[in-house]
file work-v3.cif (mmCIF, C-alpha atoms)
data_query
#
loop_
_atom_site.group_PDB
_atom_site.id
_atom_site.type_symbol
_atom_site.label_atom_id
_atom_site.label_comp_id
_atom_site.auth_asym_id
_atom_site.auth_seq_id
_atom_site.Cartn_x
_atom_site.Cartn_y
_atom_site.Cartn_z
ATOM 1 C CA MET A 315 188.180 62.291 256.381
ATOM 2 C CA LEU A 316 184.538 62.249 255.440
ATOM 3 C CA PHE A 317 184.798 64.956 252.790
ATOM 4 C CA ALA A 318 188.150 63.817 251.394
ATOM 5 C CA PHE A 319 187.052 60.476 249.958
ATOM 6 C CA PRO A 320 184.060 59.255 247.893
ATOM 7 C CA TRP A 321 182.253 57.514 250.768
ATOM 8 C CA GLY A 322 178.979 56.003 249.541
ATOM 9 C CA GLU A 323 179.344 57.291 245.978
ATOM 10 C CA PRO A 324 177.904 54.834 243.425
ATOM 11 C CA GLY A 325 180.595 53.211 241.305
ATOM 12 C CA SER A 326 183.427 54.001 243.711
ATOM 13 C CA SER A 327 185.297 51.393 245.723
ATOM 14 C CA LEU A 328 183.780 53.062 248.804
ATOM 15 C CA GLU A 329 180.199 52.754 247.543
ATOM 16 C CA HIS A 330 179.127 50.557 250.472
ATOM 17 C CA TYR A 331 180.987 52.481 253.187
ATOM 18 C CA THR A 332 179.893 55.549 255.138
ATOM 19 C CA GLY A 333 183.278 56.500 256.572
ATOM 20 C CA PRO A 334 186.017 55.378 258.938
ATOM 21 C CA ASP A 335 185.385 52.681 261.533
ATOM 22 C CA THR A 336 184.391 53.852 265.013
ATOM 23 C CA TRP A 337 187.875 53.434 266.504
ATOM 24 C CA GLN A 338 189.432 55.320 263.576
ATOM 25 C CA ARG A 339 186.952 58.196 264.022
ATOM 26 C CA GLU A 340 187.730 58.326 267.728
ATOM 27 C CA PHE A 341 191.475 58.411 267.028
ATOM 28 C CA LEU A 342 191.063 61.233 264.494
ATOM 29 C CA ASP A 343 188.766 63.163 266.862
ATOM 30 C CA ASP A 344 191.300 62.772 269.684
ATOM 31 C CA LEU A 345 194.083 63.949 267.366
ATOM 32 C CA GLY A 346 192.034 66.998 266.403
ATOM 33 C CA HIS A 347 191.500 67.848 270.081
ATOM 34 C CA GLU A 348 195.235 67.523 270.766
ATOM 35 C CA VAL A 349 196.077 69.850 267.876
ATOM 36 C CA ARG A 350 193.498 72.430 268.984
ATOM 37 C CA ASP A 351 194.664 72.215 272.627
ATOM 38 C CA ARG A 352 198.168 73.194 271.500
ATOM 39 C CA GLN A 353 196.797 76.238 269.633
ATOM 40 C CA PHE A 354 198.976 75.571 266.613
ATOM 41 C CA ASN A 355 199.022 78.665 264.392
ATOM 42 C CA GLY A 356 200.580 77.133 261.289
ATOM 43 C CA LYS A 357 204.119 78.376 261.811
ATOM 44 C CA ASP A 358 205.314 78.330 265.424
ATOM 45 C CA PRO A 359 206.477 75.005 266.898
ATOM 46 C CA VAL A 360 204.329 73.408 269.577
ATOM 47 C CA GLN A 361 204.673 70.343 271.776
ATOM 48 C CA ALA A 362 204.624 67.087 269.785
ATOM 49 C CA ILE A 363 201.575 64.854 269.861
ATOM 50 C CA ARG A 364 202.229 61.237 270.788
ATOM 51 C CA MET A 365 199.458 58.695 270.287
ATOM 52 C CA ALA A 366 199.486 54.908 270.037
ATOM 53 C CA VAL A 367 197.143 52.240 268.683
ATOM 54 C CA SER A 368 197.137 48.694 269.985
ATOM 55 C CA SER A 369 194.828 46.231 268.266
ATOM 56 C CA GLY A 370 194.532 42.936 266.459
ATOM 57 C CA HIS A 371 195.230 42.079 262.844
ATOM 58 C CA GLY A 372 193.169 43.432 259.958
ATOM 59 C CA VAL A 373 191.416 46.294 261.732
ATOM 60 C CA GLY A 374 192.700 49.132 259.541
ATOM 61 C CA LYS A 375 195.870 50.520 261.121
ATOM 62 C CA PRO A 376 197.672 50.949 257.748
ATOM 63 C CA THR A 377 194.585 52.750 256.451
ATOM 64 C CA LEU A 378 194.732 55.179 259.375
ATOM 65 C CA VAL A 379 198.434 55.746 258.661
ATOM 66 C CA ALA A 380 197.559 56.494 255.015
ATOM 67 C CA TRP A 381 194.957 59.066 256.074
ATOM 68 C CA LEU A 382 197.446 60.725 258.417
ATOM 69 C CA VAL A 383 200.111 60.893 255.695
ATOM 70 C CA LEU A 384 197.621 62.443 253.251
ATOM 71 C CA TRP A 385 196.421 64.917 255.898
ATOM 72 C CA ILE A 386 199.982 66.031 256.611
ATOM 73 C CA MET A 387 200.827 66.258 252.892
ATOM 74 C CA SER A 388 197.614 68.198 252.219
ATOM 75 C CA THR A 389 198.146 70.699 254.995
ATOM 76 C CA ARG A 390 201.955 70.884 254.998
ATOM 77 C CA PRO A 391 203.178 70.405 251.414
ATOM 78 C CA VAL A 392 206.828 70.697 252.462
ATOM 79 C CA ALA A 393 206.450 68.048 255.156
ATOM 80 C CA ARG A 394 209.080 65.363 255.532
ATOM 81 C CA GLY A 395 208.690 62.129 257.409
ATOM 82 C CA THR A 396 209.696 58.524 257.685
ATOM 83 C CA ILE A 397 207.363 55.586 258.011
ATOM 84 C CA THR A 398 208.586 52.372 259.595
ATOM 85 C CA ALA A 399 207.143 48.930 260.250
ATOM 86 C CA ASN A 400 208.312 45.698 261.825
ATOM 87 C CA THR A 401 209.303 44.197 258.461
ATOM 88 C CA LEU A 402 209.999 45.415 254.939
ATOM 89 C CA THR A 403 207.207 43.154 253.659
ATOM 90 C CA GLN A 404 204.720 44.754 256.053
ATOM 91 C CA LEU A 405 205.896 48.211 255.038
ATOM 92 C CA GLU A 406 205.531 47.557 251.304
ATOM 93 C CA THR A 407 202.456 45.308 251.164
ATOM 94 C CA LYS A 408 200.372 46.889 253.880
ATOM 95 C CA THR A 409 201.316 50.447 254.845
ATOM 96 C CA TRP A 410 202.508 51.763 251.457
ATOM 97 C CA ALA A 411 199.829 49.799 249.594
ATOM 98 C CA GLN A 412 197.226 51.714 251.626
ATOM 99 C CA ILE A 413 198.964 55.066 251.130
ATOM 100 C CA ARG A 414 198.929 54.490 247.355
ATOM 101 C CA ARG A 415 195.281 53.356 247.404
ATOM 102 C CA TRP A 416 193.969 56.281 249.444
ATOM 103 C CA ALA A 417 196.140 58.853 247.637
ATOM 104 C CA LYS A 418 194.377 57.859 244.406
ATOM 105 C CA LEU A 419 190.917 58.081 246.042
ATOM 106 C CA ALA A 420 191.466 61.466 247.697
ATOM 107 C CA ILE A 421 189.523 64.488 246.487
ATOM 108 C CA ASN A 422 192.889 66.210 246.060
ATOM 109 C CA ALA A 423 194.667 63.251 244.406
ATOM 110 C CA HIS A 424 195.847 65.649 241.701
ATOM 111 C CA TRP A 425 198.084 67.313 244.321
ATOM 112 C CA PHE A 426 200.305 64.247 244.761
ATOM 113 C CA GLN A 427 202.642 62.071 242.833
ATOM 114 C CA LEU A 428 203.750 58.642 243.924
ATOM 115 C CA THR A 429 207.310 58.619 242.751
ATOM 116 C CA GLU A 430 208.842 55.993 240.475
ATOM 117 C CA ARG A 431 212.351 56.350 241.863
ATOM 118 C CA PHE A 432 211.124 55.492 245.354
ATOM 119 C CA PRO A 433 208.028 53.317 245.051
ATOM 120 C CA THR A 434 207.470 54.120 248.710
ATOM 121 C CA ALA A 435 207.436 57.913 248.443
ATOM 122 C CA ILE A 436 204.772 60.554 247.981
ATOM 123 C CA THR A 437 205.556 64.120 246.977
ATOM 124 C CA PRO A 438 203.551 67.205 246.067
ATOM 125 C CA LYS A 439 203.199 67.635 242.314
ATOM 126 C CA PRO A 440 205.200 70.581 241.022
ATOM 127 C CA GLY A 441 203.435 73.406 239.302
ATOM 128 C CA PRO A 442 201.192 76.399 239.905
ATOM 129 C CA ALA A 443 198.993 76.826 242.947
ATOM 130 C CA ARG A 444 196.826 73.849 243.664
ATOM 131 C CA SER A 445 193.416 74.052 242.100
ATOM 132 C CA LYS A 446 190.550 71.655 241.666
ATOM 133 C CA PRO A 447 190.360 70.216 238.132
ATOM 134 C CA ALA A 448 187.148 70.376 236.138
ATOM 135 C CA GLY A 449 184.881 67.401 236.691
ATOM 136 C CA SER A 450 186.280 66.450 240.088
ATOM 137 C CA ARG A 451 183.953 65.682 242.962
ATOM 138 C CA THR A 452 182.638 68.439 245.144
ATOM 139 C CA ALA A 453 183.484 68.342 248.822
ATOM 140 C CA ARG A 454 180.493 68.152 251.093
ATOM 141 C CA PRO A 455 181.886 69.096 254.498
ATOM 142 C CA SER A 456 179.641 69.098 257.519
ATOM 143 C CA PRO A 457 180.485 70.097 261.083
ATOM 144 C CA ALA A 458 181.038 66.428 261.985
ATOM 145 C CA SER A 459 183.353 65.837 259.034
ATOM 146 C CA THR A 460 185.566 68.907 259.327
ATOM 147 C CA PRO A 461 189.155 67.667 259.594
ATOM 148 C CA PRO A 462 191.231 68.504 262.619
ATOM 149 C CA THR A 463 193.570 71.456 262.562
ATOM 150 C CA PRO A 464 196.933 70.553 260.978
ATOM 151 C CA PRO A 465 199.384 68.926 263.369
ATOM 152 C CA PRO A 466 202.175 70.832 265.024
ATOM 153 C CA SER A 467 205.672 70.882 263.677
ATOM 154 C CA THR A 468 208.614 70.938 266.007
ATOM 155 C CA SER A 469 211.197 71.414 263.288
ATOM 156 C CA SER A 470 211.871 74.260 260.917
ATOM 157 C CA THR A 471 210.154 74.253 257.538
ATOM 158 C CA LYS A 472 212.376 73.754 254.519
ATOM 159 C CA PRO A 473 211.650 75.804 251.370
ATOM 160 C CA ALA A 474 211.754 72.885 248.918
ATOM 161 C CA ALA A 475 209.165 70.100 248.889
ATOM 162 C CA SER A 476 210.544 66.810 250.133
ATOM 163 C CA PRO A 477 209.024 63.351 249.968
ATOM 164 C CA ILE A 478 207.629 61.338 252.797
ATOM 165 C CA ARG A 479 209.189 57.963 252.201
ATOM 166 C CA SER A 480 210.038 54.820 254.023
ATOM 167 C CA SER A 481 213.401 53.331 254.672
ATOM 168 C CA LYS A 482 214.513 50.606 252.271
ATOM 169 C CA TRP A 483 215.603 48.548 255.287
ATOM 170 C CA PRO A 484 213.265 46.937 257.784
ATOM 171 C CA ARG A 485 213.376 48.382 261.263
ATOM 172 C CA ALA A 486 211.905 47.315 264.515
ATOM 173 C CA ALA A 487 209.176 49.786 265.305
ATOM 174 C CA SER A 488 208.493 51.169 268.736
ATOM 175 C CA PRO A 489 205.022 50.430 270.134
ATOM 176 C CA THR A 490 203.948 53.986 269.273
ATOM 177 C CA ALA A 491 205.176 53.760 265.679
ATOM 178 C CA ASN A 492 203.789 50.348 264.715
ATOM 179 C CA PRO A 493 200.925 50.908 262.226
#

call {"tool": "encode", "arguments": {"input": "work-v3.cif", "output": "structure tokens"}}
result
Amino acid sequence: MLFAFPWGEPGSSLEHYTGPDTWQREFLDDLGHEVRDRQFNGKDPVQAIRMAVSSGHGVGKPTLVAWLVLWIMSTRPVARGTITANTLTQLETKTWAQIRRWAKLAINAHWFQLTERFPTAITPKPGPARSKPAGSRTARPSPASTPPTPPPSTSSTKPAASPIRSSKWPRAASPTANP
């Protein structure tokens, strides 16, 4: 996550931030270890990773969800998923608001489109192979900021890109799915 966003860059909304909070870093590190432990090779299914976060209000859970969505979409452009929350209001004003915010800040923002038809959907932009546009920021990865290996997939990959979008109806979320 450190190389994907303009942490500390003057003039950016992240100018005064150096990266994710400690608990978010620990979660992402743990996720990376789980992915590596499963030896995911990019095509063969592996055991699913199940992780949960329990915390108070306003600590950044929707932000973490946004980073995970962008990671999946960046590493698996044909990924499909559903995001749920306890209420429709929470889904729209918190979770999807953060997905939209971070998608625009990402170094690869030009890879995504936030659809008009589903205001709560993100899809890969159609077109030729992804390339970095002129004038975009340069990634500065370091060993500590290298993202974890892409997560495993337990379902078959579909040939056409599909959106990750939320349900239009509120659902009760399980403790492991509540962002």

call {"tool": "atom_distance", "arguments": {"input": "work-v3.cif", "atom1": "CA of Arg390 in chain A", "atom2": "CA of Tyr331 in chain A"}}
result
28.0 Å

call {"tool": "closest_residue", "arguments": {"input": "work-v3.cif", "among": "A:Met315, A:Ala393, A:Leu378, A:Ala399", "to": "Trp337 in chain A", "atoms": "all atoms listed in the file"}}
result
A:Leu378

call {"tool": "residues_near_point", "arguments": {"input": "work-v3.cif", "point": "(203.2, 47.2, 251.2)", "cutoff": "12 Å", "atoms": "all atoms listed in the file", "output": "list of chain:residue names"}}
result
A:Pro376, A:Thr377, A:Ala380, A:Ile397, A:Thr398, A:Ala399, A:Asn400, A:Thr401, A:Leu402, A:Thr403, A:Gln404, A:Leu405, A:Glu406, A:Thr407, A:Lys408, A:Thr409, A:Trp410, A:Ala411, A:Gln412, A:Ile413, A:Arg414, A:Arg415, A:Pro433, A:Thr434, A:Ala435, A:Ser480, A:Lys482, A:Pro493

call {"tool": "closest_atom_pairs", "arguments": {"input": "work-v3.cif", "of": "range 379-423 of chain A", "to": "range 340-364 of chain A", "cutoff": "12 Å", "atoms": "all atoms listed in the file", "output": "Markdown table"}}
result
| residue | atom | partner | partner_atom | distance |
| --- | --- | --- | --- | --- |
| A:Val379 | CA | A:Leu342 | CA | 10.9 |
| A:Trp381 | CA | A:Leu342 | CA | 9.5 |
| A:Leu382 | CA | A:Leu342 | CA | 8.8 |
| A:Trp385 | CA | A:Leu342 | CA | 10.8 |
| A:Thr389 | CA | A:Gly356 | CA | 9.3 |
| A:Arg390 | CA | A:Gly356 | CA | 9.0 |

call {"tool": "atom_distance", "arguments": {"input": "work-v3.cif", "atom1": "CA of Ala318 in chain A", "atom2": "CA of Ser368 in chain A"}}
result
25.6 Å

call {"tool": "resolve_selection", "arguments": {"input": "work-v3.cif", "expression": "the PyMOL selection byres ((chain A and resi 319) around 9)", "output": "list in words"}}
result
Met315, Leu316, Phe317, Ala318, Pro320, Trp321, Leu328, Gly333, Trp416, Leu419, Ala420, Ile421 and Ala453 of chain A

call {"tool": "atom_distance", "arguments": {"input": "work-v3.cif", "atom1": "CA of His424 in chain A", "atom2": "CA of Glu323 in chain A"}}
result
19.0 Å

call {"tool": "decode", "arguments": {"input": "work-v3.cif", "residues": "range 370-382 of chain A", "atoms": "N, CA and C atoms", "output": "CSV table (one decimal), in the first residue's frame"}}
result
chain,number,residue,atom,x,y,z
A,370,GLY,N,-13.6,-0.3,17.2
A,370,GLY,CA,-14.5,0.7,17.5
A,370,GLY,C,-14.9,1.5,16.2
A,371,HIS,N,-15.6,2.6,16.4
A,371,HIS,CA,-16.0,3.4,15.3
A,371,HIS,C,-14.8,4.3,14.8
A,372,GLY,N,-14.8,4.6,13.5
A,372,GLY,CA,-13.9,5.6,13.0
A,372,GLY,C,-12.4,5.3,13.0
A,373,VAL,N,-12.1,4.0,13.0
A,373,VAL,CA,-10.7,3.6,13.0
A,373,VAL,C,-10.1,3.3,11.6
A,374,GLY,N,-11.0,3.2,10.6
A,374,GLY,CA,-10.5,3.0,9.2
A,374,GLY,C,-10.8,1.6,8.6
A,375,LYS,N,-11.8,1.0,9.1
A,375,LYS,CA,-12.2,-0.3,8.5
A,375,LYS,C,-12.6,-0.2,7.0
A,376,PRO,N,-13.5,0.8,6.7
A,376,PRO,CA,-13.9,1.0,5.3
A,376,PRO,C,-12.7,1.3,4.4
A,377,THR,N,-11.7,2.0,4.9
A,377,THR,CA,-10.5,2.3,4.2
A,377,THR,C,-9.7,1.0,3.8
A,378,LEU,N,-9.6,0.2,4.8
A,378,LEU,CA,-8.9,-1.1,4.6
A,378,LEU,C,-9.7,-1.9,3.5
A,379,VAL,N,-11.0,-1.9,3.6
A,379,VAL,CA,-11.8,-2.6,2.6
A,379,VAL,C,-11.5,-2.0,1.2
A,380,ALA,N,-11.4,-0.7,1.1
A,380,ALA,CA,-11.1,-0.1,-0.2
A,380,ALA,C,-9.8,-0.6,-0.7
A,381,TRP,N,-8.8,-0.6,0.2
A,381,TRP,CA,-7.4,-1.1,-0.3
A,381,TRP,C,-7.5,-2.5,-0.7
A,382,LEU,N,-8.2,-3.3,-0.1
A,382,LEU,CA,-8.3,-4.7,-0.5
A,382,LEU,C,-9.0,-4.9,-1.8
